[in-house]
Amino acid sequence: MEIKGLKSWGGQWKRPLIMAGPCSAETQEQLRETAIAIHDLGINIIRAGVWKPRTRPNNFEGMGLNALKWIRDIKQEINVQFAVEVATPQHVEESLYHGIDILWIGARSTVNPFTVQEIANALKGVDVPVFIKNPINPDLSLWIGAIERFHQAGISKIGAIHRGFSSIQKTRFRNTPQWSIPLELKKTFTEIPLICDPSHIAGESEMILEISQKATDLDFDGLMIESHRNPTEAWSDAKQQVTPKHLGEILENVTFRNPTSKNKEFLTHLEELREEIDHVDQELYEIIANRMKLVDQIGYYKRDNNVTVFQKNRWKEISESRMSWSEKLGLDVDFMDDLFKRIHENSIRRQREIMNKNFQKAKDVS
Ligand code: PEP
Ligand code: MN
């Protein structure tokens, strides 16, 4: 699926598209000092939470209008754009009134089509860039649906942000990155910038470099990173924020890669290698087809001799030998084990079908 009209905005942003700034705008000085230090790194999009979605009430919920005024003042001083999260039509109205340049939709809003629609309606006739975070839950359709709602409201400058997904399983992440979901989104909407928010994925500052590199390797177009002049004293998300200095180090250490290269030699050689891969894949498919032919042959043989499909000793022997082959060939043992289990499951299913056919025939005869 391709959304037309989104194409035009390709020329208006550059890779890597970096946004950085505090989780929340807390005081005028905190915001100003942080923004200036980030701008000194060469970053010209500052993020700042102005209205904060908090899980429990009676916590700090953002500085609202005051923060918007600070932003307006800071923009007089340094040449930066500001991005803020909006979650209601009123947030949209107040942000636009105060000259906010970029809006983003938080994960807690993307989950709710009513909220998304209300915000999209409030934006009709305004062509401000809108970045849409993934919903809290790993539901690609909800994310796509939100993008469609903004597009239908006439917003042509749309971007997406991967900030990980809530999970009941304890993992080392605050929000688990299920990379296949944003990559699927990228396949669906090839023209929109897809950036990664490693801060909300990590939940702690030490993992931000690693996640940023992974996103970059996976062809993300940029990063949104939380940065605070003094993270330990932050009023929200203290553990995951980095100082502007640390941010500079992170960005220096990430190797930003290009989606392709203009180098003819590279392109020709890549083409050759891809042709080889195509051949190997074809052989792989043919080998699997041959294996399945043998599986069927054995299936008939077992049937005629009234022997069970599953043979535990044989399976044990297979698992052990295949594991040692993986080791010898330098293959990832867990991956090969998974792959081989799938092949074996399919083999068993085929043989059971063969036996069932016999059962069916016997029934028909009787
Ligand atoms: C944020 O960016 O500060 C934020 C609240 O993020 P998310 O919507 O990803 O939780
Ligand atoms: Mn935050």
# chains A, B, ... in the order shown; residues from 1 in each chain; ligands from 1
>>> residues_near_ligand(ligand="ligand 2", cutoff="9 Å", atoms="only C-alpha atoms and all ligand atoms", output="PyMOL selection string")
chain A and resi 22-24+49+52+199-200+203+226+236-238+240-241
>>> residues_near_ligand(ligand="ligand 1", cutoff="10 Å", atoms="only C-alpha atoms and all ligand atoms", output="PyMOL selection string")
chain A and resi 21-24+47-54+84-87+104-110+132-136+161-166+175+197-201+224-226+236-237
>>> closest_residue(among="A:Val126, A:Leu185, A:Ile195, A:Val309", to="Ile144 in chain A", atoms="only C-alpha atoms")
A:Leu185
>>> select_by_dssp(residues="range 302-366 of chain A", states="alpha helix (DSSP H)", output="VMD selection string")
chain A and resid 302 to 304 312 to 329 333 to 365
>>> write_last_selection(atoms="C-alpha atoms", output="PDB file, in the first residue's frame")
ATOM      1  CA  LYS A 302       5.482 -47.011   7.850  1.00  0.00           C
ATOM      2  CA  ARG A 303       1.803 -47.180   6.987  1.00  0.00           C
ATOM      3  CA  ASP A 304       2.191 -50.487   5.158  1.00  0.00           C
ATOM      4  CA  LYS A 312      11.443 -41.208  19.520  1.00  0.00           C
ATOM      5  CA  ASN A 313      14.870 -42.818  19.145  1.00  0.00           C
ATOM      6  CA  ARG A 314      15.207 -41.597  15.612  1.00  0.00           C
ATOM      7  CA  TRP A 315      14.215 -38.054  16.665  1.00  0.00           C
ATOM      8  CA  LYS A 316      16.811 -38.083  19.434  1.00  0.00           C
ATOM      9  CA  GLU A 317      19.471 -39.261  17.018  1.00  0.00           C
ATOM     10  CA  ILE A 318      18.441 -36.624  14.462  1.00  0.00           C
ATOM     11  CA  SER A 319      18.480 -33.786  17.015  1.00  0.00           C
ATOM     12  CA  GLU A 320      21.921 -34.725  18.277  1.00  0.00           C
ATOM     13  CA  SER A 321      23.531 -35.163  14.892  1.00  0.00           C
ATOM     14  CA  ARG A 322      22.005 -31.959  13.486  1.00  0.00           C
ATOM     15  CA  MET A 323      23.210 -30.015  16.510  1.00  0.00           C
ATOM     16  CA  SER A 324      26.760 -31.201  16.002  1.00  0.00           C
ATOM     17  CA  TRP A 325      26.531 -30.365  12.294  1.00  0.00           C
ATOM     18  CA  SER A 326      25.445 -26.830  13.252  1.00  0.00           C
ATOM     19  CA  GLU A 327      28.435 -26.490  15.532  1.00  0.00           C
ATOM     20  CA  LYS A 328      30.843 -27.835  12.941  1.00  0.00           C
ATOM     21  CA  LEU A 329      29.479 -25.526  10.250  1.00  0.00           C
ATOM     22  CA  VAL A 333      22.683 -23.753  17.101  1.00  0.00           C
ATOM     23  CA  ASP A 334      19.396 -22.338  18.500  1.00  0.00           C
ATOM     24  CA  PHE A 335      18.355 -20.948  15.140  1.00  0.00           C
ATOM     25  CA  MET A 336      19.108 -24.239  13.351  1.00  0.00           C
ATOM     26  CA  ASP A 337      17.344 -26.157  16.086  1.00  0.00           C
ATOM     27  CA  ASP A 338      14.199 -24.013  15.591  1.00  0.00           C
ATOM     28  CA  LEU A 339      14.412 -24.331  11.827  1.00  0.00           C
ATOM     29  CA  PHE A 340      14.891 -28.067  11.962  1.00  0.00           C
ATOM     30  CA  LYS A 341      12.015 -28.495  14.414  1.00  0.00           C
ATOM     31  CA  ARG A 342       9.733 -26.746  11.893  1.00  0.00           C
ATOM     32  CA  ILE A 343      10.942 -29.049   9.120  1.00  0.00           C
ATOM     33  CA  HIS A 344      10.418 -32.093  11.322  1.00  0.00           C
ATOM     34  CA  GLU A 345       6.923 -30.919  12.353  1.00  0.00           C
ATOM     35  CA  ASN A 346       6.004 -30.546   8.719  1.00  0.00           C
ATOM     36  CA  SER A 347       7.425 -33.985   7.940  1.00  0.00           C
ATOM     37  CA  ILE A 348       5.296 -35.517  10.688  1.00  0.00           C
ATOM     38  CA  ARG A 349       2.206 -33.707   9.423  1.00  0.00           C
ATOM     39  CA  ARG A 350       2.767 -35.077   5.904  1.00  0.00           C
ATOM     40  CA  GLN A 351       3.203 -38.613   7.154  1.00  0.00           C
ATOM     41  CA  ARG A 352       0.081 -38.360   9.304  1.00  0.00           C
ATOM     42  CA  GLU A 353      -1.854 -37.232   6.233  1.00  0.00           C
ATOM     43  CA  ILE A 354      -0.559 -40.273   4.379  1.00  0.00           C
ATOM     44  CA  MET A 355      -1.716 -42.539   7.208  1.00  0.00           C
ATOM     45  CA  ASN A 356      -5.075 -40.744   7.398  1.00  0.00           C
ATOM     46  CA  LYS A 357      -5.611 -41.192   3.701  1.00  0.00           C
ATOM     47  CA  ASN A 358      -5.323 -44.881   4.324  1.00  0.00           C
ATOM     48  CA  PHE A 359      -7.754 -44.622   7.214  1.00  0.00           C
ATOM     49  CA  GLN A 360     -10.136 -42.698   4.964  1.00  0.00           C
ATOM     50  CA  LYS A 361      -9.835 -45.366   2.264  1.00  0.00           C
ATOM     51  CA  ALA A 362     -10.453 -48.175   4.722  1.00  0.00           C
ATOM     52  CA  LYS A 363     -13.566 -46.401   5.919  1.00  0.00           C
ATOM     53  CA  ASP A 364     -14.791 -45.891   2.347  1.00  0.00           C
ATOM     54  CA  VAL A 365     -14.332 -49.571   1.576  1.00  0.00           C
TER      55      VAL A 365
END
>>> atom_distance(atom1="CA of Thr232 in chain A", atom2="CA of Leu31 in chain A")
15.2 Å
>>> select_by_dssp(residues="range 111-215 of chain A", states="strand (DSSP E or B)", output="short mmCIF file (atom, residue, chain, number, x, y, z; two decimals) with C-alpha atoms, in the first residue's frame")
data_model
loop_
_atom_site.label_atom_id
_atom_site.label_comp_id
_atom_site.auth_asym_id
_atom_site.auth_seq_id
_atom_site.Cartn_x
_atom_site.Cartn_y
_atom_site.Cartn_z
CA VAL A 130 3.12 14.75 12.71
CA PHE A 131 5.15 11.82 14.04
CA ILE A 132 3.13 8.87 15.22
CA LYS A 133 4.55 6.58 17.87
CA ILE A 158 3.81 12.13 8.49
CA GLY A 159 6.53 10.20 10.29
CA ALA A 160 6.57 7.15 12.53
CA ILE A 161 8.43 6.46 15.76
CA HIS A 162 9.24 3.03 17.14
CA PHE A 165 5.90 -2.41 23.06
CA THR A 176 10.31 -4.51 24.04
CA LEU A 194 10.69 5.96 10.43
CA ILE A 195 12.74 6.86 13.47
CA CYS A 196 13.54 4.99 16.66
#
>>> atom_distance(atom1="CA of Glu33 in chain A", atom2="CA of Ala215 in chain A")
28.4 Å
>>> closest_residue(among="A:Phe173, A:Met63, A:Glu118, A:Val254", to="Gln90 in chain A", atoms="only C-alpha atoms")
A:Glu118
>>> closest_atom_pairs(of="range 77-189 of chain A", to="range 65-70 of chain A", cutoff="10 Å", atoms="only C-alpha atoms", output="Markdown table")
| residue | atom | partner | partner_atom | distance |
| --- | --- | --- | --- | --- |
| A:Phe82 | CA | A:Leu68 | CA | 9.8 |
| A:Val84 | CA | A:Leu68 | CA | 9.3 |
| A:His91 | CA | A:Leu65 | CA | 9.3 |
| A:Glu94 | CA | A:Leu65 | CA | 7.5 |
| A:Ser95 | CA | A:Leu68 | CA | 7.0 |
| A:Leu96 | CA | A:Leu68 | CA | 9.8 |
| A:Tyr97 | CA | A:Leu68 | CA | 9.3 |
| A:His98 | CA | A:Leu68 | CA | 6.2 |
| A:Gly99 | CA | A:Leu68 | CA | 8.6 |
| A:Ile100 | CA | A:Leu68 | CA | 8.0 |
>>> atom_distance(atom1="CA of Leu209 in chain A", atom2="CA of Thr255 in chain A")
10.2 Å
